[in-house]
Structure formats: structure tokens, C-alpha cells
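J.: Pasting in a structure now, in C-alpha cells, and then I'll have a few things to ask.
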Amino acid sequence: MRHGGRGLGLAALSLAVATVALSRVGDAAAPGVVVPAKVSSMAAAVKVGQDLYMHDTFGGARTCNTCHTNGGRGPGKLPNGATIPSLQGAAAAFPRFVPATGRVISLEQQLVKCIRGGMGGKPPALGSVALADLAAYVTSLSKGAVMGSQFAGH
Ligand code: HEC
């Protein structure tokens, strides 16, 4: 009985440790989406990315879906009411040259920019699982899109 109780305690402890390891803690209003360290398929990664897109504020005040509405399908709407283009096909035009900075940015860097600027949040690190999953979801919106429109004229 005592032995069994301890076993259960250890199991509960390792479950707690695993849960901490797998979670990113968001703010109280919008708890962070659980980002597993590993998933078994592309579809599963896209699902995690979609959850981040729809629900995570990354510690800021908005989600991706606040501006890029309907999961990024169809035109989006900024808080000031201005319309922005759909994210369908957007990933197919990265990396992209940004004249203002004279640099080429990756899709992940664009997401970091939106999280920092548009959401007032703290972006996941470049190379992190969360950012890769988010990029996987955004890229899924470009399935079948023609790549390379940014190279027009080259
Ligand atoms: C406050 C509104 C706002 C939020 C929230 C926001 N974005 Fe953006 N996003 C913009 C604006 C405005 C642009 C276009 C200007 C720019 O590049 O910053 C943009 C551009 C983009 C682009 C490039 C679109 C293209 O046509 O090339 C992608 C991809 C993108 N956002 C994804 C995201 C994702 C994913 C999130 C959530 C992590 C997010 N954005 C959150 C406003 C927002």
C-alpha cells in the first residue's frame, strides 16, 4: 500500500514535470497553448500552429486571428478597421526583401515582427518548436500556391 502510494506519487510528479516541460505559460487572460516537443506528423504540427494562431497572445493583447481573421483565409482587418490581404499564398513569397531595412527576411522573422509589433507580445525564439509550428500552419495556407512571386523581374 505504502509502496503503491509512492509509485503513484512519482507518476504524478513525472507527469507534472512533463507538463511543465511541454507548456509555455502565457498571460492569465489567455493561457499559452501547449507546444509538444515532438509530434508524429506534419498534420499534428500544423494543428499546434493553428492553435497558437487562434488562441495564443504570446503575452500580448491580441492573437494572430485578431488581424488576420478567419484563420488567415480571406482578407484580414486591423484594429483601426483597415483591410489587409489574406494570408493564403503569403508564405509562398518568402523570403522577402524589405526595402526599409535593406534586408531579406524569412517567414519566421515576419511572424516575430507581427508578434512583437502587432501583438505587443514576446515572440518565441527563432528556431523554436513554437515558431516552426506557427510557420507550418501559415505555410499550409499556401498549399498549391505558386512560389517565387517575389522574384519577378529577376
Ligand atoms: C495588429 C494586427 C496584426 C496581428 C495581431 C498580426 N499581424 Fe501579421 N501582419 C499585420 C500587418 C499590418 C501586416 C503587413 C505589414 C507587415 O509586413 O508588417 C502583416 C503581415 C503578415 C504576414 C505577411 C503577409 C504577406 O502578405 O506577405 C504574415 C505571414 C503574417 N502577418 C502572419 C501573422 C501571424 C502568424 C500572426 C500571429 C503570430 C500575426 N501575423 C499577427 C498585422 C498583424
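Chain labels run A, B, ... following the order of the C-alpha cells; each chain numbers its residues from 1, and ligands are numbered from 1 in the order shown.
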Check which residues fall inside 9 Å of ligand 1 when counting only C-alpha atoms and all ligand atoms, and print them as a VMD selection string.

T.: chain A and resid 49 52 to 54 56 to 58 61 to 68 72 76 to 79 82 to 94 96 98 107 to 108 110 to 120 123 131 134 to 135 137 to 139

J.: Which parts of range 2-154 of chain A does DSSP call strand (DSSP E) when run on the backbone here, written out as a ChimeraX atom specification?

T.: /A:76-77,83-84,96-98,103-105

J.: Create the file for the chosen residues now, containing C-alpha atoms and written as a compact mmCIF listing (two decimals), in the first residue's frame.

T.:
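Contents of out-v6.txt, as written:
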```
# COMPACT_ATOMS: atom_id res chain seq x y z
CA GLY A 76 -7.94 40.48 -42.65
CA LYS A 77 -8.89 43.54 -40.64
CA THR A 83 -8.30 45.81 -44.59
CA ILE A 84 -5.16 43.71 -45.11
CA ARG A 96 11.28 38.66 -48.96
CA PHE A 97 13.31 41.81 -49.42
CA VAL A 98 12.32 44.67 -47.13
CA ARG A 103 17.44 43.07 -45.68
CA VAL A 104 15.82 39.84 -46.67
CA ILE A 105 13.52 38.34 -44.02
```

J.: Just the number, please: distance in Å from CA of Asp51 in chain A to CA of Val33 in chain A, one decimal.

T.: 6.7 Å

J.: Which one of A:Val48, A:Thr101, A:Gln109, A:Arg73 sits closest to Ser142 in chain A if you count only C-alpha atoms?

T.: A:Arg73
